[in-house]
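Source file: coords_25.cif (mmCIF, C-alpha atoms and all ligand atoms)
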```
data_run
loop_
_atom_site.label_atom_id
_atom_site.label_comp_id
_atom_site.auth_asym_id
_atom_site.auth_seq_id
_atom_site.Cartn_x
_atom_site.Cartn_y
_atom_site.Cartn_z
CA MET A 1 99.29 63.15 84.18
CA VAL A 2 96.09 64.06 82.39
CA SER A 3 95.48 62.65 78.95
CA GLY A 4 93.16 64.06 76.35
CA LYS A 5 93.02 65.12 72.72
CA LYS A 6 94.40 68.17 70.98
CA CYS A 7 92.27 69.26 68.02
CA ARG A 8 93.63 71.74 65.51
CA CYS A 9 92.06 73.52 62.57
CA GLU A 10 94.66 74.47 59.94
CA SER A 11 92.59 77.10 58.15
CA CYS A 12 91.51 78.98 61.32
CA LYS A 13 94.72 78.29 63.28
CA LEU A 14 92.39 77.21 66.08
CA SER A 15 93.68 74.76 68.69
CA VAL A 16 91.44 73.09 71.28
CA ASN A 17 92.59 70.89 74.15
CA VAL A 18 89.86 68.47 75.25
CA VAL A 19 89.95 66.45 78.47
CA GLY A 20 87.19 64.27 79.83
CA THR A 21 84.67 64.78 77.03
CA PRO A 22 84.59 63.45 73.46
CA PRO A 23 86.57 65.80 71.19
CA PRO A 24 84.77 67.78 68.47
CA THR A 25 85.19 66.43 64.95
CA VAL A 26 84.66 69.64 62.96
CA CYS A 27 85.79 73.22 63.50
CA PRO A 28 82.99 75.35 65.00
CA TYR A 29 83.87 78.26 62.68
CA CYS A 30 84.71 76.86 59.23
CA ARG A 31 83.23 73.33 59.56
CA THR A 32 86.36 71.54 58.30
CA ILE A 33 87.54 68.31 59.93
CA LEU A 34 89.93 68.90 62.83
CA GLU A 35 93.35 67.23 63.10
CA GLN A 36 93.49 65.23 66.31
CA SER A 37 96.56 64.27 68.31
CA ASP A 38 97.06 62.79 71.76
CA LEU A 39 97.74 65.20 74.58
CA GLU A 40 99.30 64.66 78.00
CA PHE A 41 100.17 67.27 80.59
CA PRO A 42 100.86 67.21 84.31
CA ILE A 43 98.21 68.14 86.86
CA ALA A 44 98.91 71.42 88.65
CA GLU A 45 99.84 71.25 92.31
CA PRO A 46 96.74 71.79 94.45
CA TYR A 47 96.72 75.19 96.10
CA PRO A 48 97.13 74.75 99.87
CA ALA A 49 93.92 75.49 101.74
CA PRO A 50 94.35 78.31 104.28
CA THR A 51 94.30 77.29 107.91
CA GLU A 52 91.68 78.55 110.33
CA GLU A 53 94.15 80.99 111.90
CA GLU A 54 95.01 82.48 108.48
CA VAL A 55 91.32 82.94 107.69
CA ARG A 56 90.68 84.58 111.06
CA GLY A 57 93.67 86.89 110.52
CA ARG A 58 92.45 87.95 107.07
CA ILE A 59 88.91 88.58 108.30
CA LYS A 60 90.24 90.54 111.27
CA SER A 61 92.40 92.72 108.99
CA LEU A 62 89.46 93.32 106.60
CA TYR A 63 86.68 93.96 109.08
CA HIS A 64 87.20 95.37 112.53
CA GLN A 65 84.47 96.27 114.96
CA PRO A 66 84.56 99.97 115.92
CA HIS A 67 84.65 100.88 119.59
CA LYS A 68 81.16 100.98 121.13
CA GLY A 69 81.76 104.41 122.67
CA ASN A 70 82.57 105.88 119.24
CA VAL A 71 79.40 104.37 117.76
CA ILE A 72 77.21 105.81 120.52
CA LEU A 73 78.94 109.21 120.26
CA LEU A 74 78.36 109.33 116.49
CA ALA A 75 74.71 108.30 116.96
CA VAL A 76 74.16 111.02 119.58
CA ILE A 77 75.75 113.68 117.33
CA ALA A 78 73.67 112.57 114.35
CA VAL A 79 70.40 112.58 116.29
CA THR A 80 71.22 115.99 117.80
CA MET A 81 71.99 117.49 114.38
CA LEU A 82 68.80 116.04 112.88
CA ALA A 83 66.68 117.23 115.82
CA SER A 84 68.14 120.75 115.64
CA ALA A 85 67.51 120.88 111.89
CA VAL A 86 63.88 119.86 112.37
CA PHE A 87 63.49 122.37 115.23
CA LEU A 88 64.91 125.23 113.15
CA GLN A 89 62.70 124.30 110.19
CA LEU A 90 59.60 124.31 112.40
CA ARG A 91 60.56 127.70 113.89
CA ASN A 92 61.04 129.06 110.37
CA ALA A 93 57.60 127.79 109.41
CA GLU A 94 56.06 129.52 112.43
CA ASN A 95 57.64 132.84 111.44
CA TYR A 96 56.82 132.48 107.74
CA GLY A 97 53.44 134.13 108.08
CA SER A 98 54.83 137.35 109.61
CA SER A 99 57.88 137.51 107.33
CA ARG A 100 55.83 139.25 104.58
CA PHE A 101 54.89 142.09 106.96
CA ILE A 102 58.52 142.51 108.00
CA GLU A 103 59.59 142.86 104.35
CA LYS A 104 56.90 145.51 103.76
CA ILE A 105 58.05 147.55 106.74
CA ILE A 106 61.65 147.53 105.55
ZN ZN B 201 88.33 76.28 61.34
#
```
As a first step, turn the structure in this file into structure tokens.
Amino acid sequence: MVSGKKCRCESCKLSVNVVGTPPPTVCPYCRTILEQSDLEFPIAEPYPAPTEEEVRGRIKSLYHQPHKGNVILLAVIAVTMLASAVFLQLRNAENYGSSRFIEKII
């Protein structure tokens, strides 16, 4: 059981439960003297700490390592796409100078 003080302000209908520290004497809002009464309530049951296996299971379900082959395949595809985009851009830049003549001919 935990014992403390229950402080109540009648005008504000404010109720404060205080444990472990000295209770306030006046209401923080209207500055009237608080009514104090003794308070006792049971301590809550401590939540059971998860075991190491439970923690490992949760981490495994949240984060899983992708297959290395898939990672390498994705990296190769990404690098190939980027390289082809750069190559096509450079080829466009090379042809940019003659594109004005082509438009004039047409
Ligand atoms: Zn008050």
> Using all atoms listed in the file, what are the residues with an atom within 8 Å of ligand ZN 201 (chain B), set out as an MDAnalysis selection string?
Replying inline: chainID A and resid 9:14 26:32 34
What are the centre and edge lengths in Å, to one decimal, of the axis-aligned box around all listed atoms of stretch 25-31 of chain A with 6 Å added on each side, as lines of an AutoDock Vina configuration file?
```
center_x = 84.4
center_y = 72.3
center_z = 62.1
size_x = 14.8
size_y = 23.8
size_z = 17.8
```
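Going from atom CA of A:Thr21 to atom CA of A:Lys5 covers 9.4 Å.
You will find atom CA of A:Leu73 at 20.1 Å from atom CA of A:Val86.
Every protein or nucleic acid residue with an atom no more than 12 Å from stretch 39-44 of chain A, counting only C-alpha atoms and leaving out same-chain residues fewer than 4 positions away, appears here: Met1, Val2, Ser3, Gly4, Lys5, Lys6, Cys7, Arg8, Ser15, Val16, Asn17, Val18, Val19, Gly20, Pro23 and Pro48 of chain A.
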> What is the atom CA of A:Gln36-atom CA of A:Pro24 distance in Å, reported with one decimal?
Replying inline: 9.3 Å
Could stretch 84-101 of chain A be completed with N, CA and C atoms and returned as an mmCIF file, in the frame of the given file?
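Everything below was put into selection.cif:
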```cif
data_model
loop_
_atom_site.group_PDB
_atom_site.id
_atom_site.type_symbol
_atom_site.label_atom_id
_atom_site.label_comp_id
_atom_site.auth_asym_id
_atom_site.auth_seq_id
_atom_site.Cartn_x
_atom_site.Cartn_y
_atom_site.Cartn_z
ATOM 1 N N SER A 84 68.000 119.292 115.742
ATOM 2 C CA SER A 84 68.140 120.750 115.640
ATOM 3 C C SER A 84 67.684 121.245 114.283
ATOM 4 N N ALA A 85 67.960 120.472 113.219
ATOM 5 C CA ALA A 85 67.510 120.880 111.890
ATOM 6 C C ALA A 85 65.986 120.907 111.821
ATOM 7 N N VAL A 86 65.347 119.899 112.357
ATOM 8 C CA VAL A 86 63.880 119.860 112.370
ATOM 9 C C VAL A 86 63.327 121.012 113.199
ATOM 10 N N PHE A 87 63.935 121.277 114.358
ATOM 11 C CA PHE A 87 63.490 122.370 115.230
ATOM 12 C C PHE A 87 63.592 123.714 114.517
ATOM 13 N N LEU A 88 64.737 123.949 113.846
ATOM 14 C CA LEU A 88 64.910 125.230 113.150
ATOM 15 C C LEU A 88 63.925 125.360 111.991
ATOM 16 N N GLN A 89 63.665 124.260 111.292
ATOM 17 C CA GLN A 89 62.700 124.300 110.190
ATOM 18 C C GLN A 89 61.313 124.656 110.711
ATOM 19 N N LEU A 90 60.922 124.032 111.836
ATOM 20 C CA LEU A 90 59.600 124.310 112.400
ATOM 21 C C LEU A 90 59.512 125.766 112.845
ATOM 22 N N ARG A 91 60.584 126.298 113.446
ATOM 23 C CA ARG A 91 60.560 127.700 113.890
ATOM 24 C C ARG A 91 60.460 128.635 112.688
ATOM 25 N N ASN A 92 61.153 128.269 111.595
ATOM 26 C CA ASN A 92 61.040 129.060 110.370
ATOM 27 C C ASN A 92 59.610 129.053 109.857
ATOM 28 N N ALA A 93 58.968 127.898 109.900
ATOM 29 C CA ALA A 93 57.600 127.790 109.410
ATOM 30 C C ALA A 93 56.657 128.633 110.262
ATOM 31 N N GLU A 94 56.907 128.695 111.554
ATOM 32 C CA GLU A 94 56.060 129.520 112.430
ATOM 33 C C GLU A 94 56.201 130.997 112.072
ATOM 34 N N ASN A 95 57.408 131.430 111.741
ATOM 35 C CA ASN A 95 57.640 132.840 111.440
ATOM 36 C C ASN A 95 57.351 133.197 109.997
ATOM 37 N N TYR A 96 57.007 132.210 109.167
ATOM 38 C CA TYR A 96 56.820 132.480 107.740
ATOM 39 C C TYR A 96 55.664 133.449 107.511
ATOM 40 N N GLY A 97 54.606 133.293 108.284
ATOM 41 C CA GLY A 97 53.440 134.130 108.080
ATOM 42 C C GLY A 97 53.737 135.602 108.315
ATOM 43 N N SER A 98 54.545 135.941 109.307
ATOM 44 C CA SER A 98 54.830 137.350 109.610
ATOM 45 C C SER A 98 55.989 137.894 108.801
ATOM 46 N N SER A 99 56.697 137.023 108.049
ATOM 47 C CA SER A 99 57.880 137.510 107.330
ATOM 48 C C SER A 99 57.474 138.488 106.228
ATOM 49 N N ARG A 100 56.257 138.342 105.649
ATOM 50 C CA ARG A 100 55.830 139.250 104.580
ATOM 51 C C ARG A 100 55.633 140.665 105.133
ATOM 52 N N PHE A 101 55.090 140.756 106.359
ATOM 53 C CA PHE A 101 54.890 142.090 106.960
ATOM 54 C C PHE A 101 56.218 142.755 107.236
#
```
